[in-house]
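Chemist: Sharing entry.csv below, CSV, C-alpha atoms and all ligand atoms:
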```
chain,number,residue,atom,x,y,z
A,1059,MET,CA,0.0,0.0,0.0
A,1060,THR,CA,1.2,3.5,-0.7
A,1061,GLN,CA,1.5,6.1,2.0
A,1062,ASP,CA,-1.6,7.9,0.7
A,1063,GLU,CA,-3.6,4.6,0.9
A,1064,LEU,CA,-2.5,4.1,4.5
A,1065,LYS,CA,-3.6,7.7,5.3
A,1066,ALA,CA,-7.0,7.0,3.7
A,1067,LEU,CA,-7.3,3.8,5.7
A,1068,VAL,CA,-6.7,5.4,9.1
A,1069,GLY,CA,-8.7,8.4,8.2
A,1070,ARG,CA,-11.7,6.2,7.6
A,1071,ALA,CA,-11.0,4.0,10.7
A,1072,ALA,CA,-11.2,7.1,12.9
A,1073,LEU,CA,-14.9,7.3,12.2
A,1074,ALA,CA,-15.4,4.6,14.8
A,1075,TYR,CA,-14.2,7.0,17.4
A,1076,VAL,CA,-16.6,9.8,16.5
A,1077,VAL,CA,-19.4,10.0,19.1
A,1078,PRO,CA,-22.8,10.5,17.5
A,1079,GLY,CA,-24.7,13.7,18.7
A,1080,THR,CA,-21.5,15.5,19.8
A,1081,VAL,CA,-18.9,17.9,18.4
A,1082,VAL,CA,-15.7,16.4,17.1
A,1083,GLY,CA,-12.3,18.0,17.3
A,1084,VAL,CA,-10.5,18.0,13.9
A,1085,GLY,CA,-6.8,18.4,13.4
A,1086,THR,CA,-4.8,19.5,10.4
A,1087,GLY,CA,-2.8,17.8,7.6
A,1088,SER,CA,-3.0,15.3,4.8
A,1089,THR,CA,-4.1,12.4,7.0
A,1090,VAL,CA,-6.8,14.5,8.6
A,1091,ASN,CA,-7.9,15.6,5.2
A,1092,CYS,CA,-8.8,11.9,4.6
A,1093,PHE,CA,-10.6,11.8,7.9
A,1094,ILE,CA,-12.6,15.0,6.9
A,1095,ALA,CA,-13.6,13.4,3.6
A,1096,ALA,CA,-14.9,10.3,5.5
A,1097,LEU,CA,-16.6,12.4,8.2
A,1098,ALA,CA,-18.7,14.1,5.5
A,1099,GLU,CA,-20.4,10.7,5.0
A,1100,ILE,CA,-21.7,10.8,8.6
A,1101,LYS,CA,-22.1,14.5,9.0
A,1102,HIS,CA,-25.8,14.2,9.9
A,1103,GLN,CA,-24.8,12.2,13.0
A,1104,ILE,CA,-22.8,15.0,14.6
A,1105,LEU,CA,-23.4,18.5,15.8
A,1106,GLY,CA,-20.4,19.8,14.1
A,1107,ALA,CA,-16.6,20.2,14.4
A,1108,VAL,CA,-14.1,22.4,16.2
A,1109,SER,CA,-11.2,23.0,13.8
A,1110,SER,CA,-7.5,23.5,14.4
A,1111,SER,CA,-6.7,25.6,11.4
A,1112,VAL,CA,-8.1,27.8,8.7
A,1113,GLN,CA,-7.3,25.1,6.2
A,1114,SER,CA,-9.3,22.4,8.0
A,1115,THR,CA,-12.2,24.8,8.6
A,1116,ALA,CA,-12.4,25.5,4.8
A,1117,ARG,CA,-12.5,21.8,4.0
A,1118,LEU,CA,-15.1,21.0,6.7
A,1119,GLN,CA,-17.3,23.9,5.5
A,1120,ALA,CA,-17.0,22.9,1.9
A,1121,LEU,CA,-18.3,19.5,2.8
A,1122,GLY,CA,-21.3,21.0,4.7
A,1123,ILE,CA,-19.9,20.2,8.2
A,1124,PRO,CA,-20.7,23.0,10.6
A,1125,VAL,CA,-17.6,24.5,12.3
A,1126,LEU,CA,-18.0,25.8,15.9
A,1127,ASP,CA,-15.8,28.4,17.5
A,1128,ALA,CA,-13.7,26.8,20.2
A,1129,ASN,CA,-15.1,29.4,22.6
A,1130,GLN,CA,-18.5,28.0,22.2
A,1131,VAL,CA,-17.5,24.5,23.3
A,1132,GLU,CA,-16.6,23.5,26.9
A,1133,GLN,CA,-15.6,19.9,26.3
A,1134,ILE,CA,-15.6,17.4,23.4
A,1135,PRO,CA,-15.2,13.6,23.7
A,1136,VAL,CA,-12.6,13.2,21.0
A,1137,TYR,CA,-9.9,15.0,19.0
A,1138,ILE,CA,-8.6,13.4,15.9
A,1139,ASP,CA,-5.3,14.5,14.4
A,1140,GLY,CA,-2.2,13.3,12.7
A,1141,ALA,CA,1.4,13.5,13.9
A,1142,ASP,CA,4.9,13.9,12.5
A,1143,GLU,CA,6.3,11.5,15.0
A,1144,ILE,CA,4.8,9.3,17.7
A,1145,ASP,CA,6.6,7.2,20.3
A,1146,HIS,CA,5.7,4.1,22.4
A,1147,GLN,CA,4.0,6.2,25.1
A,1148,GLY,CA,1.8,8.3,22.7
A,1149,PHE,CA,4.0,11.3,23.0
A,1150,MET,CA,4.1,13.2,19.7
A,1151,VAL,CA,5.9,15.8,17.7
A,1152,LYS,CA,3.5,17.9,15.6
A,1153,GLY,CA,3.4,21.1,13.7
A,1154,GLY,CA,4.6,20.1,10.3
A,1155,GLY,CA,1.6,21.9,9.0
A,1156,ALA,CA,2.3,24.9,11.2
A,1157,ALA,CA,-1.0,24.4,13.1
A,1158,LEU,CA,0.4,23.3,16.4
A,1159,THR,CA,-0.9,26.0,18.7
A,1160,ARG,CA,-4.5,25.7,17.6
A,1161,GLU,CA,-4.1,21.9,17.6
A,1162,LYS,CA,-3.1,22.1,21.3
A,1163,ILE,CA,-6.1,24.3,22.1
A,1164,VAL,CA,-8.6,21.9,20.5
A,1165,ALA,CA,-6.8,18.8,21.9
A,1166,ASP,CA,-7.1,20.4,25.4
A,1167,LEU,CA,-10.9,20.6,25.0
A,1168,ALA,CA,-11.0,16.9,24.3
A,1169,GLU,CA,-11.3,13.9,26.7
A,1170,ARG,CA,-9.3,11.7,24.3
A,1171,PHE,CA,-6.7,12.4,21.5
A,1172,VAL,CA,-6.9,9.8,18.7
A,1173,CYS,CA,-3.9,10.0,16.5
A,1174,ILE,CA,-4.1,8.8,12.9
A,1175,ALA,CA,-0.8,8.1,11.2
A,1176,ASP,CA,0.9,5.9,8.8
A,1177,GLU,CA,3.6,3.6,10.2
A,1178,SER,CA,6.5,5.9,9.0
A,1179,LYS,CA,5.6,8.2,11.9
A,1180,ARG,CA,6.3,5.7,14.6
A,1181,VAL,CA,9.7,6.2,16.3
A,1182,ALA,CA,11.7,5.0,19.3
A,1183,VAL,CA,13.0,8.5,20.2
A,1184,MET,CA,11.6,11.6,18.8
A,1185,GLY,CA,13.7,14.4,17.2
A,1186,ARG,CA,14.6,13.2,13.7
A,1187,PHE,CA,11.7,15.3,12.4
A,1188,PRO,CA,12.7,18.9,13.0
A,1189,LEU,CA,10.8,20.2,16.0
A,1190,PRO,CA,8.3,22.9,15.1
A,1191,VAL,CA,8.0,25.8,17.5
A,1192,GLU,CA,5.6,28.8,17.0
A,1193,VAL,CA,7.3,32.0,18.1
A,1194,ILE,CA,6.4,35.7,18.2
A,1195,PRO,CA,8.4,37.2,15.4
A,1196,MET,CA,10.5,39.5,17.6
A,1197,ALA,CA,11.7,36.5,19.6
A,1198,ALA,CA,12.9,34.3,16.8
A,1199,ALA,CA,16.6,35.0,17.1
A,1200,GLN,CA,16.6,34.8,20.9
A,1201,VAL,CA,14.7,31.5,20.9
A,1202,THR,CA,17.1,30.2,18.2
A,1203,ARG,CA,20.1,31.0,20.5
A,1204,ARG,CA,18.4,29.4,23.5
A,1205,PHE,CA,17.9,26.1,21.6
A,1206,ALA,CA,21.6,26.0,20.8
A,1207,VAL,CA,22.7,26.6,24.4
A,1208,ALA,CA,20.0,24.5,26.1
A,1209,TYR,CA,19.8,21.5,23.8
A,1210,GLY,CA,22.5,21.9,21.1
A,1211,GLY,CA,19.7,22.2,18.6
A,1212,THR,CA,19.8,24.2,15.4
A,1213,ALA,CA,16.7,26.3,14.8
A,1214,SER,CA,15.8,28.0,11.6
A,1215,VAL,CA,12.8,30.1,10.6
A,1216,ARG,CA,10.5,28.1,8.2
A,1217,PRO,CA,10.7,30.1,5.0
A,1218,GLY,CA,7.5,31.8,3.7
A,1219,VAL,CA,5.3,30.6,6.6
A,1220,THR,CA,3.1,32.7,8.8
A,1221,THR,CA,0.8,30.8,11.1
A,1222,ASP,CA,-2.9,31.3,11.4
A,1223,ASN,CA,-2.1,33.4,14.5
A,1224,GLY,CA,0.3,35.7,12.6
A,1225,ASN,CA,3.5,34.2,14.0
A,1226,LEU,CA,6.7,32.4,12.7
A,1227,ILE,CA,7.6,28.7,12.9
A,1228,LEU,CA,11.1,27.7,13.9
A,1229,ASP,CA,12.2,24.2,12.9
A,1230,VAL,CA,14.7,22.8,15.3
A,1231,ARG,CA,17.1,20.1,14.1
A,1232,GLY,CA,19.6,17.9,16.0
A,1233,LEU,CA,17.4,17.1,19.0
A,1234,ALA,CA,17.0,13.8,20.8
A,1235,ILE,CA,13.7,14.2,22.7
A,1236,THR,CA,14.3,11.6,25.5
A,1237,ASP,CA,12.2,13.3,28.1
A,1238,PRO,CA,9.2,14.9,26.2
A,1239,LEU,CA,7.4,16.1,29.3
A,1240,ALA,CA,10.4,17.9,30.7
A,1241,MET,CA,11.3,19.4,27.4
A,1242,GLU,CA,7.8,20.6,26.6
A,1243,THR,CA,7.5,22.2,30.0
A,1244,GLU,CA,10.9,24.0,29.8
A,1245,ILE,CA,10.5,25.4,26.2
A,1246,ASN,CA,7.0,26.6,27.0
A,1247,GLN,CA,8.5,28.9,29.6
A,1248,TRP,CA,10.8,30.7,27.2
A,1249,PRO,CA,9.6,34.3,26.4
A,1250,GLY,CA,8.3,34.5,22.9
A,1251,VAL,CA,7.4,30.9,22.5
A,1252,VAL,CA,3.7,30.6,21.7
A,1253,SER,CA,3.8,26.8,21.8
A,1254,VAL,CA,6.2,24.0,21.1
A,1255,GLY,CA,5.3,21.0,18.9
A,1256,ILE,CA,6.0,18.4,21.6
A,1257,PHE,CA,2.6,16.9,22.6
A,1258,ALA,CA,3.4,15.3,25.9
A,1259,ARG,CA,0.9,16.7,28.3
A,1260,LEU,CA,-1.7,16.3,25.5
A,1261,ARG,CA,-0.5,13.0,24.3
A,1262,ALA,CA,-2.4,10.5,22.2
A,1263,ARG,CA,-4.5,7.9,24.1
A,1264,VAL,CA,-5.1,5.9,21.0
A,1265,CYS,CA,-3.1,5.7,17.7
A,1266,LEU,CA,-4.6,4.2,14.6
A,1267,LEU,CA,-1.5,3.2,12.7
A,1268,GLY,CA,-1.7,2.4,9.0
A,1269,THR,CA,0.5,-0.6,8.2
A,1270,ALA,CA,0.9,-2.9,5.3
A,1271,GLN,CA,-1.1,-5.4,7.3
A,1272,GLY,CA,-4.0,-2.9,7.9
A,1273,VAL,CA,-4.9,-0.6,10.8
A,1274,GLN,CA,-3.1,-1.4,14.0
A,1275,THR,CA,-4.7,0.1,17.1
A,1276,LEU,CA,-2.2,1.2,19.8
A,1277,VAL,CA,-3.7,2.1,23.2
A,1278,PHE,CA,-1.6,4.2,25.6
A,1279,ASP,CA,-2.7,4.0,29.2
A,1301,LIG,C1,0.0,19.9,11.4
A,1301,LIG,C2,0.3,18.7,12.0
A,1301,LIG,C3,0.0,17.4,11.3
A,1301,LIG,O1,-0.8,16.6,12.1
A,1301,LIG,C4,1.3,16.7,11.0
A,1301,LIG,O2,2.2,17.5,10.3
A,1301,LIG,C5,1.0,15.4,10.2
A,1301,LIG,O3,0.6,15.8,8.9
A,1301,LIG,P1,0.3,14.7,7.8
A,1301,LIG,O4,-0.9,13.9,8.2
A,1301,LIG,O5,0.1,15.6,6.6
A,1301,LIG,O6,1.6,13.8,7.7
A,1301,LIG,O7,0.8,18.6,13.1
A,1301,LIG,O8,0.4,21.0,12.1
```
Take the structure from the file and write it as structure tokens.
Modeler:
Amino acid sequence: MTQDELKALVGRAALAYVVPGTVVGVGTGSTVNCFIAALAEIKHQILGAVSSSVQSTARLQALGIPVLDANQVEQIPVYIDGADEIDHQGFMVKGGGAALTREKIVADLAERFVCIADESKRVAVMGRFPLPVEVIPMAAAQVTRRFAVAYGGTASVRPGVTTDNGNLILDVRGLAITDPLAMETEINQWPGVVSVGIFARLRARVCLLGTAQGVQTLVFD
């Protein structure tokens, strides 16, 4: 199976986690686009979606799925999103699509994060994928220096990208994320950091992994 076929497979498998009569949290990215396409088939069973990006909002609305403002929603049962890397505990690196901050906001509304990913995303130690960090533009150079000193990482501004929130993305190379919770907590304290793409506190509880043998369901307790 191709990577696109694996994404379509897990995108459809995620329908099983959508709770009828509720609002579903929707992430961002090519795997989520497959989920959105499948979700359209059962759109009459849900109240609508809370979206993590302008891009996903446009797709949802084009398919006739109502999109609610996050401020209108107190809690949702499930948030479905992809990942750039996921480890054996459900910790993830995200933000390849520059939507990490809104993804964290919607994930935080949800009781359960269901990650959908093809098997290339599963890693033993995160860090090979450059770590995305959303920063206030005036802090980009300072945060870059801080990564070098604190972790020996090399940060660079993602060219041509402004986030939905009007900020920049730094991509940080050369990291070994051996303690995701500690690293997330530390980087979140740095002035100018809006959010870091380590999803440790908001980790996945379930991962639907697309493999050559079909969908593998990983449950992280
Ligand atoms: C966007 C994300 C995506 O979930 C992540 O980049 C995975 O994307 P894809 O499904 O296209 O591989 O975090 O900010």
Chemist: Show me a table, sorted first by chain and then by increasing residue number, of the residues of chain A having an atom at most 9 Å from ligand LIG 1301 (chain A), each with its shortest atom pair and the distance in Å to one decimal, counting all atoms listed in the file and written as a Markdown table.
Modeler:
```
| residue | atom | partner | partner_atom | distance |
| --- | --- | --- | --- | --- |
| A:Lys1065 | CA | A:LIG1301 | O4 | 7.4 |
| A:Gly1085 | CA | A:LIG1301 | O1 | 6.4 |
| A:Thr1086 | CA | A:LIG1301 | C1 | 4.9 |
| A:Gly1087 | CA | A:LIG1301 | O5 | 3.8 |
| A:Ser1088 | CA | A:LIG1301 | O5 | 3.6 |
| A:Thr1089 | CA | A:LIG1301 | O4 | 3.7 |
| A:Val1090 | CA | A:LIG1301 | O4 | 5.9 |
| A:Asn1091 | CA | A:LIG1301 | O4 | 7.8 |
| A:Cys1092 | CA | A:LIG1301 | O4 | 8.9 |
| A:Ser1110 | CA | A:LIG1301 | O8 | 8.6 |
| A:Ser1111 | CA | A:LIG1301 | O8 | 8.5 |
| A:Asp1139 | CA | A:LIG1301 | O1 | 5.5 |
| A:Gly1140 | CA | A:LIG1301 | O1 | 3.6 |
| A:Ala1141 | CA | A:LIG1301 | C5 | 4.2 |
| A:Asp1142 | CA | A:LIG1301 | C5 | 4.8 |
| A:Glu1143 | CA | A:LIG1301 | C5 | 8.1 |
| A:Val1151 | CA | A:LIG1301 | O7 | 7.4 |
| A:Lys1152 | CA | A:LIG1301 | O7 | 3.7 |
| A:Gly1153 | CA | A:LIG1301 | O8 | 3.4 |
| A:Gly1154 | CA | A:LIG1301 | O2 | 3.5 |
| A:Gly1155 | CA | A:LIG1301 | O8 | 3.4 |
| A:Ala1156 | CA | A:LIG1301 | O8 | 4.4 |
| A:Ala1157 | CA | A:LIG1301 | O8 | 3.8 |
| A:Leu1158 | CA | A:LIG1301 | O8 | 4.9 |
| A:Thr1159 | CA | A:LIG1301 | O8 | 8.4 |
| A:Arg1160 | CA | A:LIG1301 | O8 | 8.7 |
| A:Glu1161 | CA | A:LIG1301 | O8 | 7.2 |
| A:Cys1173 | CA | A:LIG1301 | O1 | 8.5 |
| A:Ile1174 | CA | A:LIG1301 | O4 | 7.6 |
| A:Ala1175 | CA | A:LIG1301 | O4 | 6.5 |
| A:Asp1176 | CA | A:LIG1301 | O6 | 8.0 |
| A:Lys1179 | CA | A:LIG1301 | O6 | 8.1 |
| A:Pro1190 | CA | A:LIG1301 | O8 | 8.7 |
| A:Gly1255 | CA | A:LIG1301 | O7 | 7.7 |
```
Chemist: Tell me which of A:Ala1208, A:Val1076, A:Ala1095, A:Ala1198 sits closest to A:Gly1250, counting only C-alpha atoms.
Modeler: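 The answer is A:Ala1198, which sits nearest to A:Gly1250.
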Chemist: Using all atoms listed in the file, which residues of stretch 1115-1200 of chain A come within 6 Å of stretch 1213-1227 of chain A, and what is the closest atom pair for each, with the distance in Å to one decimal? Give it as a Markdown table, sorted by chain and residue number.
Modeler:
```
| residue | atom | partner | partner_atom | distance |
| --- | --- | --- | --- | --- |
| A:Val1191 | CA | A:Ile1227 | CA | 5.5 |
| A:Glu1192 | CA | A:Ile1227 | CA | 4.6 |
| A:Val1193 | CA | A:Leu1226 | CA | 5.4 |
| A:Ile1194 | CA | A:Asn1225 | CA | 5.3 |
| A:Pro1195 | CA | A:Leu1226 | CA | 5.8 |
```
Chemist: Restricting the calculation to only C-alpha atoms, which member of A:Gly1079, A:Ser1109, A:Gly1069, A:Ala1206 is positioned closest to A:Ala1096?
Modeler: A:Gly1069
Chemist: Find the distance between atom CA of A:Arg1186 and atom CA of A:Leu1167 and write it in Å to one decimal.
Modeler: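 Pair atom CA of A:Arg1186 / atom CA of A:Leu1167 returns 28.9 Å.
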Chemist: Any idea what the distance is between atom CA of A:Leu1233 and atom CA of A:Gly1185?
Modeler: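 A separation of 4.9 Å between them.
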Chemist: Considering all atoms listed in the file, state which residue in the set A:Phe1257, A:Phe1093, A:Phe1278, A:Trp1248 is at the smallest distance from A:Met1184.
Modeler: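 Closest candidate: A:Phe1257.
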Chemist: Compare A:Phe1205, A:Tyr1137, A:Tyr1075, A:Phe1187 by their minimum atom-to-atom distance to A:Leu1260, counting all atoms listed in the file, and give me the closest one.
Modeler: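 Closest residue, counting all atoms listed in the file: A:Tyr1137.
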Chemist: Determine the nearest neighbour of A:Met1241 from the options A:Val1112, A:Leu1189, A:Ile1123, A:Ile1163, counting all atoms listed in the file.
Modeler: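 Nearest to A:Met1241: A:Leu1189.
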Chemist: Could you work out how far atom CA of A:Val1251 lies from atom CA of A:Leu1126, giving the answer in Å with one decimal?
Modeler: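 So the two atoms, atom CA of A:Leu1126 and atom CA of A:Val1251, lie 26.7 Å apart.
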Chemist: For each of A:Cys1265, A:Ala1182, A:Gln1061, A:Val1068, take the minimum atom-to-atom distance to A:His1146, counting only C-alpha atoms, then give the residue where this is smallest.
Modeler: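 Between A:Cys1265, A:Ala1182, A:Gln1061, A:Val1068, the residue approaching A:His1146 most closely is A:Ala1182.
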Chemist: Please return the centre and edge lengths, in Å to one decimal, of a box with edges along x, y and z that contains all listed atoms of stretch 1103-1106 of chain A, widened by 5 Å on every side, as lines of an AutoDock Vina configuration file.
Modeler:
```
center_x = -22.6
center_y = 16.0
center_z = 14.4
size_x = 14.4
size_y = 17.6
size_z = 12.8
```
Chemist: Find the spatial neighbours of A:Ala1168, counting all atoms listed in the file, within a cut-off of 8 Å - ignore same-chain residues fewer than 5 positions away - and output them as a PDB file with C-alpha atoms, in the frame of the given file.
Modeler:
```
ATOM      1  CA  GLY A1083     -12.300  18.000  17.300  1.00  0.00           C
ATOM      2  CA  GLN A1133     -15.600  19.900  26.300  1.00  0.00           C
ATOM      3  CA  ILE A1134     -15.600  17.400  23.400  1.00  0.00           C
ATOM      4  CA  PRO A1135     -15.200  13.600  23.700  1.00  0.00           C
ATOM      5  CA  VAL A1136     -12.600  13.200  21.000  1.00  0.00           C
ATOM      6  CA  TYR A1137      -9.900  15.000  19.000  1.00  0.00           C
TER       7      TYR A1137
END
```
Chemist: Contacts of stretch 1099-1103 of chain A at 12 Å or less, counting only C-alpha atoms, minus same-chain residues fewer than 4 places along, as a ChimeraX atom specification?
Modeler: /A:1070,1072-1074,1076-1082,1092-1095,1107,1118-1119,1121-1125
Chemist: Can stretch 1119-1133 of chain A be brought up to N, CA and C atoms and written out as a short mmCIF file (atom, residue, chain, number, x, y, z; two decimals), keeping the file's coordinate frame?
Modeler:
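New file part-v9.cif:
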```cif
data_model
loop_
_atom_site.label_atom_id
_atom_site.label_comp_id
_atom_site.auth_asym_id
_atom_site.auth_seq_id
_atom_site.Cartn_x
_atom_site.Cartn_y
_atom_site.Cartn_z
N GLN A 1119 -16.18 23.07 6.01
CA GLN A 1119 -17.30 23.90 5.50
C GLN A 1119 -17.69 23.53 4.10
N ALA A 1120 -16.68 23.28 3.28
CA ALA A 1120 -17.00 22.90 1.90
C ALA A 1120 -17.76 21.65 1.77
N LEU A 1121 -17.61 20.80 2.77
CA LEU A 1121 -18.30 19.50 2.80
C LEU A 1121 -19.63 19.59 3.57
N GLY A 1122 -19.98 20.79 4.00
CA GLY A 1122 -21.30 21.00 4.70
C GLY A 1122 -21.23 20.56 6.16
N ILE A 1123 -20.04 20.52 6.75
CA ILE A 1123 -19.90 20.20 8.20
C ILE A 1123 -19.83 21.49 8.97
N PRO A 1124 -20.78 21.75 9.89
CA PRO A 1124 -20.70 23.00 10.60
C PRO A 1124 -19.47 23.09 11.50
N VAL A 1125 -18.85 24.26 11.52
CA VAL A 1125 -17.60 24.50 12.30
C VAL A 1125 -17.98 25.45 13.46
N LEU A 1126 -17.76 25.00 14.69
CA LEU A 1126 -18.00 25.80 15.90
C LEU A 1126 -16.77 26.50 16.33
N ASP A 1127 -16.93 27.70 16.88
CA ASP A 1127 -15.80 28.40 17.50
C ASP A 1127 -15.41 27.65 18.77
N ALA A 1128 -14.12 27.54 19.03
CA ALA A 1128 -13.70 26.80 20.20
C ALA A 1128 -14.24 27.46 21.51
N ASN A 1129 -14.50 28.75 21.45
CA ASN A 1129 -15.10 29.40 22.60
C ASN A 1129 -16.51 29.04 22.92
N GLN A 1130 -17.16 28.40 21.96
CA GLN A 1130 -18.50 28.00 22.20
C GLN A 1130 -18.63 26.59 22.78
N VAL A 1131 -17.48 25.96 22.95
CA VAL A 1131 -17.50 24.50 23.30
C VAL A 1131 -16.68 24.37 24.63
N GLU A 1132 -17.28 23.67 25.57
CA GLU A 1132 -16.60 23.50 26.90
C GLU A 1132 -15.76 22.21 26.87
N GLN A 1133 -16.34 21.17 26.30
CA GLN A 1133 -15.60 19.90 26.30
C GLN A 1133 -16.13 19.06 25.10
#
```
